[in-house]
Amino acid sequence: MPSTRTAGRLRGIGMLACATLATLLVGAPQANATAEYALQSGLSWYRIDNPFLFPNNSNNKLKTSDSAWSTDLRGALFLPLPTERTNLQLTASVSQMHYGSSFSSYSEQINGGGPYSLNKAKKQFEGIYNWEYSDLLRGRIRHRTDDRLYSYFGGEIARSNSTPPRDISNVEPEFPHIREDNIEVAYRVTNRFDVPLTWTQQTLSYMIPGRVEMYNMNSNAIQAAIRYTSGTKSTFSGGVRRNKVSFPNRTADEIAEFDSRYTDTELFTDTAWRYTENTIFVGHLGTIARHFRTRTDHDSRLVSAELGIDWHYSPKTTFYGRIWDRPQANDEADSRLYVITKGIQGRAVWQATPKTRVSLLASLESQKSQGFATSQISTPTGGNDQLLRLGLRYDYDITRRLAFRLDAVREQTTSRSGGDIYYRRSTIQASLNYTFDNITGPFIYENQQGYNRARQQIEDLR
């Protein structure tokens, strides 16, 4: 029997193969439909402070700062099949990480185990097949994979045999594998109304024993909606989404404590109201009910809401704003039913010159976990955290092919459960990339650099 990861990749490859075969049935690419491709290579330098998120009062040797660098390779293809309305998009990225002496082999600093190394490649892949059959039927097939270092929190790099609610050693480096497959089919009832149907499958696969049994996850979601598009290109939609989540590797004791599966059902409405040509308001309102398979005493119901604005203030400046109160996806789902987040975020993008772009981001978010008691945790958990994030991005196109990027991120999480404990992390990344592409794109407001669609796919993946 193939492993979960291998089976997932085979299914993803199979889906893309089916998509390509379908295009051959429609017809071969026409002479006026040009394939667009881009290949990017680069070097990135990082300065990382407290990457494992140890608390402010920790004296662990790994609560330190150091440098890292990576060699990066990215590629993309936009292939009309046979026209631009029916196309295949492939994008891939691999970055070989090289951490500094403080992090590259840290087994000596944790007193035993190993030798362990974080110098593993970060890999991403995305394949999208968009198709249209006349003006009445259209659809999309999407496959995505992601492999990268586990996002440690709370100084989890410490040997422990009694961490509730499971016995998992958090010493070994963890590189979880994420796979997502998505199929959407939309039937156009009239020029204004269409009915999109969506199926999504996700798999989260860990490597470390204990975490594999407890947290390996499969989910299957089906969504049905009806969508209205006005003459001003505003959209209004409403529907239902049903997501079945299972943890296939849990033991009998873990199932008795936390169950092996649950089902989320959401009724929702969405809108993107184009108030003017330069101003768009977005909104979401939904109610989510979670039902467990056997532990029905854990069933719950919550509300999800979000408001936002996209404002093109001038040809060079755009502002984005969001405010939300919603449940956050909980991939672990052990003693926590949900993580409830309330937050506000603002982002500004300034196209200073055709070659220079500056982006600023600031967000403030509160996270409160809603949990329940088990035999291993005698009282319901009630985490209460606050997350402040500040970000700066600077892009400079030295030439049309050679580009420089600077990314700076500062995060501070304040845990207010049992006294204020601070977790701070900051990262600075400087990248120099050279991109070869076969043709240029249109020099318009949304694309002042003249990127073709394949290079835009690379930027979206980054």
# chains A, B, ... in the order shown; residues from 1 in each chain; ligands from 1
$ residues_around --residues "Val282 in chain A" --least-positions-apart "3" --cutoff "10 Å" --atoms "only C-alpha atoms" --output "tab-separated table (two decimals) with C-alpha atoms, in the first residue's frame"
chain	number	residue	atom	x	y	z
A	234	SER	CA	-20.59	43.68	-7.92
A	235	THR	CA	-21.23	40.14	-6.71
A	236	PHE	CA	-23.60	38.77	-4.08
A	270	ASP	CA	-20.74	36.93	0.67
A	271	THR	CA	-20.64	40.23	-1.13
A	272	ALA	CA	-18.15	42.31	-3.12
A	273	TRP	CA	-19.89	45.63	-3.71
A	274	ARG	CA	-18.21	47.92	-6.23
A	306	GLU	CA	-15.88	39.97	8.13
A	307	LEU	CA	-15.95	43.45	6.59
A	308	GLY	CA	-13.38	45.02	4.31
A	309	ILE	CA	-12.55	47.72	1.79
A	310	ASP	CA	-10.23	47.92	-1.23
A	321	GLY	CA	-8.65	47.20	5.26
A	322	ARG	CA	-10.22	44.22	7.04
$ atom_distance --atom1 "CA of Lys244 in chain A" --atom2 "CA of Val185 in chain A"
20.3 Å
$ residues_around --residues "Asp460 in chain A" --least-positions-apart "5" --cutoff "10 Å" --atoms "only C-alpha atoms" --output "PDB file with N, CA, C and O atoms, in the first residue's frame"
ATOM      1  N   THR A  91       2.843  26.110 -11.556  1.00  0.00           N
ATOM      2  CA  THR A  91       3.808  26.934 -10.832  1.00  0.00           C
ATOM      3  C   THR A  91       4.489  26.080  -9.776  1.00  0.00           C
ATOM      4  O   THR A  91       3.820  25.338  -9.049  1.00  0.00           O
ATOM      5  N   ALA A 454       2.774  34.067 -16.565  1.00  0.00           N
ATOM      6  CA  ALA A 454       3.564  33.059 -15.861  1.00  0.00           C
ATOM      7  C   ALA A 454       4.375  33.699 -14.731  1.00  0.00           C
ATOM      8  O   ALA A 454       4.448  33.161 -13.619  1.00  0.00           O
ATOM      9  N   ARG A 455       4.959  34.848 -14.988  1.00  0.00           N
ATOM     10  CA  ARG A 455       5.733  35.512 -13.928  1.00  0.00           C
ATOM     11  C   ARG A 455       4.800  36.017 -12.827  1.00  0.00           C
ATOM     12  O   ARG A 455       5.179  36.018 -11.651  1.00  0.00           O
TER      13      ARG A 455
END
$ closest_residue --among "A:Arg290, A:Arg211, A:Arg227, A:His177" --to "Asp194 in chain A" --atoms "only C-alpha atoms"
A:Arg227
$ select_by_dssp --residues "range 50-141 of chain A" --states "strand (DSSP E)" --output "compact mmCIF listing (two decimals) with N, CA and C atoms, in the first residue's frame"
# COMPACT_ATOMS: atom_id res chain seq x y z
N SER A 65 19.50 34.83 18.04
CA SER A 65 19.39 35.33 16.67
C SER A 65 20.52 34.76 15.84
N ASP A 66 20.25 34.55 14.56
CA ASP A 66 21.29 34.06 13.66
C ASP A 66 20.84 34.32 12.23
N SER A 67 21.73 34.02 11.31
CA SER A 67 21.46 34.24 9.89
C SER A 67 21.18 32.92 9.19
N ALA A 68 20.58 33.01 8.04
CA ALA A 68 20.35 31.86 7.17
C ALA A 68 20.36 32.36 5.73
N TRP A 69 20.55 31.44 4.81
CA TRP A 69 20.46 31.81 3.40
C TRP A 69 19.90 30.63 2.62
N SER A 70 19.39 30.92 1.45
CA SER A 70 18.78 29.88 0.63
C SER A 70 19.07 30.15 -0.84
N THR A 71 19.14 29.06 -1.61
CA THR A 71 19.17 29.14 -3.06
C THR A 71 17.77 28.80 -3.56
N ASP A 72 17.23 29.66 -4.41
CA ASP A 72 15.83 29.57 -4.80
C ASP A 72 15.70 29.32 -6.30
N LEU A 73 14.76 28.46 -6.65
CA LEU A 73 14.45 28.18 -8.05
C LEU A 73 12.94 28.09 -8.20
N ARG A 74 12.39 28.88 -9.14
CA ARG A 74 10.95 28.91 -9.35
C ARG A 74 10.67 28.88 -10.85
N GLY A 75 9.56 28.27 -11.22
CA GLY A 75 9.17 28.22 -12.62
C GLY A 75 7.66 28.22 -12.76
N ALA A 76 7.18 28.71 -13.91
CA ALA A 76 5.73 28.77 -14.14
C ALA A 76 5.44 28.68 -15.63
N LEU A 77 4.26 28.18 -15.93
CA LEU A 77 3.78 28.03 -17.32
C LEU A 77 2.32 28.41 -17.38
N PHE A 78 1.96 29.27 -18.34
CA PHE A 78 0.56 29.58 -18.65
C PHE A 78 0.32 29.10 -20.08
N LEU A 79 -0.52 28.08 -20.21
CA LEU A 79 -0.71 27.43 -21.50
C LEU A 79 -2.18 27.51 -21.92
N PRO A 80 -2.51 28.32 -22.95
CA PRO A 80 -3.89 28.35 -23.47
C PRO A 80 -4.24 27.03 -24.14
N ASN A 87 -7.36 27.23 -19.99
CA ASN A 87 -5.90 27.27 -19.87
C ASN A 87 -5.42 26.38 -18.74
N LEU A 88 -4.13 26.06 -18.82
CA LEU A 88 -3.45 25.28 -17.80
C LEU A 88 -2.36 26.15 -17.19
N GLN A 89 -2.33 26.25 -15.85
CA GLN A 89 -1.34 27.05 -15.14
C GLN A 89 -0.56 26.14 -14.19
N LEU A 90 0.76 26.10 -14.35
CA LEU A 90 1.63 25.30 -13.50
C LEU A 90 2.67 26.22 -12.86
N THR A 91 2.84 26.11 -11.56
CA THR A 91 3.81 26.93 -10.83
C THR A 91 4.49 26.08 -9.78
N ALA A 92 5.82 26.18 -9.68
CA ALA A 92 6.57 25.39 -8.70
C ALA A 92 7.69 26.23 -8.13
N SER A 93 8.06 25.91 -6.88
CA SER A 93 9.13 26.63 -6.20
C SER A 93 9.85 25.69 -5.26
N VAL A 94 11.18 25.78 -5.23
CA VAL A 94 11.98 25.01 -4.28
C VAL A 94 13.10 25.92 -3.77
N SER A 95 13.27 25.94 -2.44
CA SER A 95 14.31 26.75 -1.81
C SER A 95 15.09 25.87 -0.85
N GLN A 96 16.38 25.71 -1.11
CA GLN A 96 17.24 24.93 -0.24
C GLN A 96 17.76 25.82 0.88
N MET A 97 17.34 25.53 2.12
CA MET A 97 17.69 26.37 3.25
C MET A 97 19.06 25.98 3.83
N HIS A 98 19.79 26.98 4.32
CA HIS A 98 21.07 26.78 4.99
C HIS A 98 21.08 27.67 6.23
N TYR A 99 20.81 27.07 7.39
CA TYR A 99 20.71 27.85 8.63
C TYR A 99 22.09 28.06 9.24
N ALA A 121 14.93 21.41 2.11
CA ALA A 121 14.34 22.26 1.09
C ALA A 121 12.87 22.57 1.41
N LYS A 122 12.48 23.81 1.14
CA LYS A 122 11.08 24.23 1.21
C LYS A 122 10.50 24.14 -0.20
N LYS A 123 9.41 23.38 -0.36
CA LYS A 123 8.87 23.09 -1.69
C LYS A 123 7.40 23.47 -1.78
N GLN A 124 7.01 24.06 -2.91
CA GLN A 124 5.62 24.41 -3.19
C GLN A 124 5.30 24.06 -4.64
N PHE A 125 4.08 23.66 -4.86
CA PHE A 125 3.61 23.38 -6.22
C PHE A 125 2.13 23.72 -6.32
N GLU A 126 1.75 24.30 -7.45
CA GLU A 126 0.33 24.58 -7.70
C GLU A 126 0.04 24.36 -9.18
N GLY A 127 -1.01 23.60 -9.45
CA GLY A 127 -1.47 23.39 -10.81
C GLY A 127 -2.95 23.73 -10.91
N ILE A 128 -3.32 24.55 -11.90
CA ILE A 128 -4.71 24.99 -12.07
C ILE A 128 -5.10 24.78 -13.53
N TYR A 129 -6.24 24.17 -13.73
CA TYR A 129 -6.81 24.02 -15.06
C TYR A 129 -8.17 24.70 -15.10
N ASN A 130 -8.27 25.79 -15.85
CA ASN A 130 -9.53 26.51 -16.04
C ASN A 130 -10.14 26.13 -17.38
N TRP A 131 -11.43 25.85 -17.37
CA TRP A 131 -12.08 25.47 -18.62
C TRP A 131 -13.47 26.12 -18.74
N GLU A 132 -13.90 26.31 -19.97
CA GLU A 132 -15.24 26.81 -20.27
C GLU A 132 -15.84 26.00 -21.41
N TYR A 133 -17.08 25.60 -21.22
CA TYR A 133 -17.81 24.90 -22.27
C TYR A 133 -18.99 25.79 -22.63
N LEU A 137 -21.39 26.81 -19.05
CA LEU A 137 -20.73 25.92 -18.11
C LEU A 137 -19.23 26.22 -18.09
N ARG A 138 -18.71 26.38 -16.90
CA ARG A 138 -17.27 26.61 -16.73
C ARG A 138 -16.81 25.91 -15.46
N GLY A 139 -15.51 25.81 -15.28
CA GLY A 139 -15.03 25.14 -14.08
C GLY A 139 -13.54 25.31 -13.89
N ARG A 140 -13.05 24.71 -12.79
CA ARG A 140 -11.64 24.81 -12.46
C ARG A 140 -11.21 23.59 -11.67
N ILE A 141 -10.00 23.09 -11.94
CA ILE A 141 -9.37 22.02 -11.16
C ILE A 141 -8.06 22.57 -10.61
$ select_by_dssp --residues "range 117-315 of chain A" --states "helix (DSSP H, G or I)" --output "list in words"
Arg211, Val212, Glu213, Met214, Tyr215, Ala252, Asp253, Glu254, Ile255, Ala256, Glu257, Phe258, Thr296, Asp297 and His298 of chain A
$ atom_distance --atom1 "CA of Ser426 in chain A" --atom2 "CA of Ala362 in chain A"
14.0 Å
$ residues_around --residues "Phe319 in chain A" --least-positions-apart "2" --cutoff "9 Å" --atoms "only C-alpha atoms" --output "list in words"
Ile309, Asp310, Trp311, His312, Tyr313, Thr317, Gly321, Gly346, Arg347, Ala348, Val349 and Trp350 of chain A
$ write_last_selection --atoms "N, CA, C and O atoms" --output "compact mmCIF listing (two decimals), in the first residue's frame"
# COMPACT_ATOMS: atom_id res chain seq x y z
N ILE A 309 -12.51 46.73 2.86
CA ILE A 309 -12.55 47.72 1.79
C ILE A 309 -11.26 47.65 1.00
O ILE A 309 -10.17 47.46 1.57
N ASP A 310 -11.37 47.76 -0.32
CA ASP A 310 -10.23 47.92 -1.23
C ASP A 310 -10.40 49.28 -1.90
O ASP A 310 -11.35 49.49 -2.66
N TRP A 311 -9.48 50.20 -1.62
CA TRP A 311 -9.63 51.58 -2.08
C TRP A 311 -8.42 51.99 -2.89
O TRP A 311 -7.32 52.11 -2.37
N HIS A 312 -8.63 52.19 -4.20
CA HIS A 312 -7.58 52.68 -5.08
C HIS A 312 -7.56 54.20 -4.97
O HIS A 312 -8.22 54.90 -5.74
N TYR A 313 -6.79 54.68 -4.01
CA TYR A 313 -6.79 56.11 -3.70
C TYR A 313 -6.28 56.95 -4.86
O TYR A 313 -6.78 58.04 -5.14
N THR A 317 -1.38 54.52 -5.43
CA THR A 317 -1.57 54.12 -4.03
C THR A 317 -2.89 53.39 -3.85
O THR A 317 -3.93 53.85 -4.32
N GLY A 321 -8.30 47.28 3.85
CA GLY A 321 -8.65 47.20 5.26
C GLY A 321 -9.58 46.03 5.52
O GLY A 321 -10.45 45.72 4.71
N GLY A 346 -4.68 46.52 8.31
CA GLY A 346 -4.56 47.54 7.28
C GLY A 346 -3.32 47.33 6.46
O GLY A 346 -2.27 46.93 6.99
N ARG A 347 -3.42 47.58 5.16
CA ARG A 347 -2.27 47.41 4.27
C ARG A 347 -2.30 48.52 3.23
O ARG A 347 -3.37 48.87 2.70
N ALA A 348 -1.14 49.09 2.94
CA ALA A 348 -1.00 50.13 1.94
C ALA A 348 0.06 49.72 0.94
O ALA A 348 1.14 49.25 1.33
N VAL A 349 -0.23 49.89 -0.34
CA VAL A 349 0.71 49.57 -1.42
C VAL A 349 0.94 50.83 -2.23
O VAL A 349 -0.01 51.43 -2.75
N TRP A 350 2.20 51.24 -2.32
CA TRP A 350 2.57 52.48 -3.02
C TRP A 350 3.51 52.15 -4.16
O TRP A 350 4.60 51.64 -3.96
$ residues_around --residues "Met217 in chain A" --least-positions-apart "2" --cutoff "8 Å" --atoms "only C-alpha atoms" --output "mmCIF file with N, CA, C and O atoms, in the first residue's frame"
data_model
loop_
_atom_site.group_PDB
_atom_site.id
_atom_site.type_symbol
_atom_site.label_atom_id
_atom_site.label_comp_id
_atom_site.auth_asym_id
_atom_site.auth_seq_id
_atom_site.Cartn_x
_atom_site.Cartn_y
_atom_site.Cartn_z
ATOM 1 N N THR A 203 -5.259 17.268 2.971
ATOM 2 C CA THR A 203 -4.556 16.284 3.786
ATOM 3 C C THR A 203 -3.394 16.971 4.479
ATOM 4 O O THR A 203 -2.631 17.707 3.845
ATOM 5 N N LEU A 204 -3.270 16.738 5.779
ATOM 6 C CA LEU A 204 -2.150 17.240 6.563
ATOM 7 C C LEU A 204 -1.417 16.034 7.134
ATOM 8 O O LEU A 204 -1.988 15.256 7.909
ATOM 9 N N SER A 205 -0.145 15.839 6.752
ATOM 10 C CA SER A 205 0.632 14.657 7.143
ATOM 11 C C SER A 205 1.887 15.081 7.878
ATOM 12 O O SER A 205 2.700 15.853 7.346
ATOM 13 N N TYR A 215 -2.467 13.917 15.020
ATOM 14 C CA TYR A 215 -2.847 15.088 14.243
ATOM 15 C C TYR A 215 -2.882 14.898 12.727
ATOM 16 O O TYR A 215 -3.254 15.832 12.020
ATOM 17 N N SER A 219 -9.681 16.031 5.268
ATOM 18 C CA SER A 219 -10.949 16.756 5.247
ATOM 19 C C SER A 219 -11.520 16.749 3.837
ATOM 20 O O SER A 219 -10.784 16.828 2.854
ATOM 21 N N VAL A 245 -14.181 16.258 8.672
ATOM 22 C CA VAL A 245 -12.776 16.196 9.064
ATOM 23 C C VAL A 245 -12.546 14.924 9.868
ATOM 24 O O VAL A 245 -13.300 14.625 10.801
ATOM 25 N N SER A 246 -11.506 14.173 9.520
ATOM 26 C CA SER A 246 -11.200 12.929 10.233
ATOM 27 C C SER A 246 -9.729 12.879 10.584
ATOM 28 O O SER A 246 -8.883 13.493 9.917
ATOM 29 N N PHE A 247 -9.410 12.125 11.661
ATOM 30 C CA PHE A 247 -8.050 11.904 12.126
ATOM 31 C C PHE A 247 -7.812 10.394 12.088
ATOM 32 O O PHE A 247 -8.060 9.685 13.066
ATOM 33 N N PRO A 248 -7.354 9.872 10.949
ATOM 34 C CA PRO A 248 -7.377 8.416 10.706
ATOM 35 C C PRO A 248 -6.404 7.612 11.541
ATOM 36 O O PRO A 248 -6.540 6.393 11.636
ATOM 37 N N ASP A 331 -6.402 22.749 12.924
ATOM 38 C CA ASP A 331 -5.900 21.510 12.340
ATOM 39 C C ASP A 331 -5.637 20.440 13.393
ATOM 40 O O ASP A 331 -5.580 19.256 13.068
#
$ atom_distance --atom1 "CA of Lys120 in chain A" --atom2 "CA of Lys63 in chain A"
20.8 Å
$ closest_residue --among "A:Gln386, A:Tyr116, A:Glu36, A:Gly210" --to "Glu254 in chain A" --atoms "only C-alpha atoms"
A:Gly210
$ residues_around --residues "Pro315 in chain A" --least-positions-apart "6" --cutoff "12 Å" --atoms "only C-alpha atoms" --output "PDB file with N, CA and C atoms, in the first residue's frame"
ATOM      1  N   ASN A 278     -13.212  52.763  -8.173  1.00  0.00           N
ATOM      2  CA  ASN A 278     -11.989  52.630  -7.394  1.00  0.00           C
ATOM      3  C   ASN A 278     -12.210  52.136  -5.976  1.00  0.00           C
ATOM      4  N   VAL A 349      -0.232  49.890  -0.340  1.00  0.00           N
ATOM      5  CA  VAL A 349       0.710  49.568  -1.417  1.00  0.00           C
ATOM      6  C   VAL A 349       0.940  50.834  -2.228  1.00  0.00           C
ATOM      7  N   TRP A 350       2.202  51.245  -2.318  1.00  0.00           N
ATOM      8  CA  TRP A 350       2.569  52.477  -3.020  1.00  0.00           C
ATOM      9  C   TRP A 350       3.506  52.149  -4.165  1.00  0.00           C
ATOM     10  N   GLN A 351       3.049  52.410  -5.399  1.00  0.00           N
ATOM     11  CA  GLN A 351       3.871  52.230  -6.589  1.00  0.00           C
ATOM     12  C   GLN A 351       4.627  53.534  -6.805  1.00  0.00           C
ATOM     13  N   ALA A 352       5.748  53.690  -6.117  1.00  0.00           N
ATOM     14  CA  ALA A 352       6.464  54.964  -6.135  1.00  0.00           C
ATOM     15  C   ALA A 352       6.907  55.339  -7.544  1.00  0.00           C
ATOM     16  N   THR A 353       7.480  54.364  -8.256  1.00  0.00           N
ATOM     17  CA  THR A 353       7.870  54.542  -9.649  1.00  0.00           C
ATOM     18  C   THR A 353       7.521  53.244 -10.375  1.00  0.00           C
ATOM     19  N   PRO A 354       7.605  53.198 -11.695  1.00  0.00           N
ATOM     20  CA  PRO A 354       7.351  51.925 -12.377  1.00  0.00           C
ATOM     21  C   PRO A 354       8.283  50.804 -11.929  1.00  0.00           C
ATOM     22  N   ILE A 444       0.035  48.031 -17.724  1.00  0.00           N
ATOM     23  CA  ILE A 444      -1.176  48.690 -17.257  1.00  0.00           C
ATOM     24  C   ILE A 444      -1.035  48.981 -15.768  1.00  0.00           C
ATOM     25  N   TYR A 445      -2.073  49.623 -15.188  1.00  0.00           N
ATOM     26  CA  TYR A 445      -2.005  50.019 -13.782  1.00  0.00           C
ATOM     27  C   TYR A 445      -1.747  48.827 -12.872  1.00  0.00           C
ATOM     28  N   GLU A 446      -2.438  47.708 -13.126  1.00  0.00           N
ATOM     29  CA  GLU A 446      -2.265  46.531 -12.283  1.00  0.00           C
ATOM     30  C   GLU A 446      -0.970  45.797 -12.560  1.00  0.00           C
ATOM     31  N   ASN A 447      -0.263  46.155 -13.641  1.00  0.00           N
ATOM     32  CA  ASN A 447       0.948  45.424 -14.029  1.00  0.00           C
ATOM     33  C   ASN A 447       1.954  46.403 -14.634  1.00  0.00           C
ATOM     34  N   GLN A 448       2.472  47.291 -13.777  1.00  0.00           N
ATOM     35  CA  GLN A 448       3.358  48.331 -14.274  1.00  0.00           C
ATOM     36  C   GLN A 448       4.747  47.804 -14.612  1.00  0.00           C
TER      37      GLN A 448
END
$ closest_residue --among "A:Trp324, A:Tyr434, A:Phe54, A:Tyr451" --to "Phe404 in chain A" --atoms "only C-alpha atoms"
A:Tyr434
$ residues_around --residues "range 342-344 of chain A" --least-positions-apart "3" --cutoff "7 Å" --atoms "only C-alpha atoms" --output "MDAnalysis selection string"
chainID A and resid 322:326 363:367
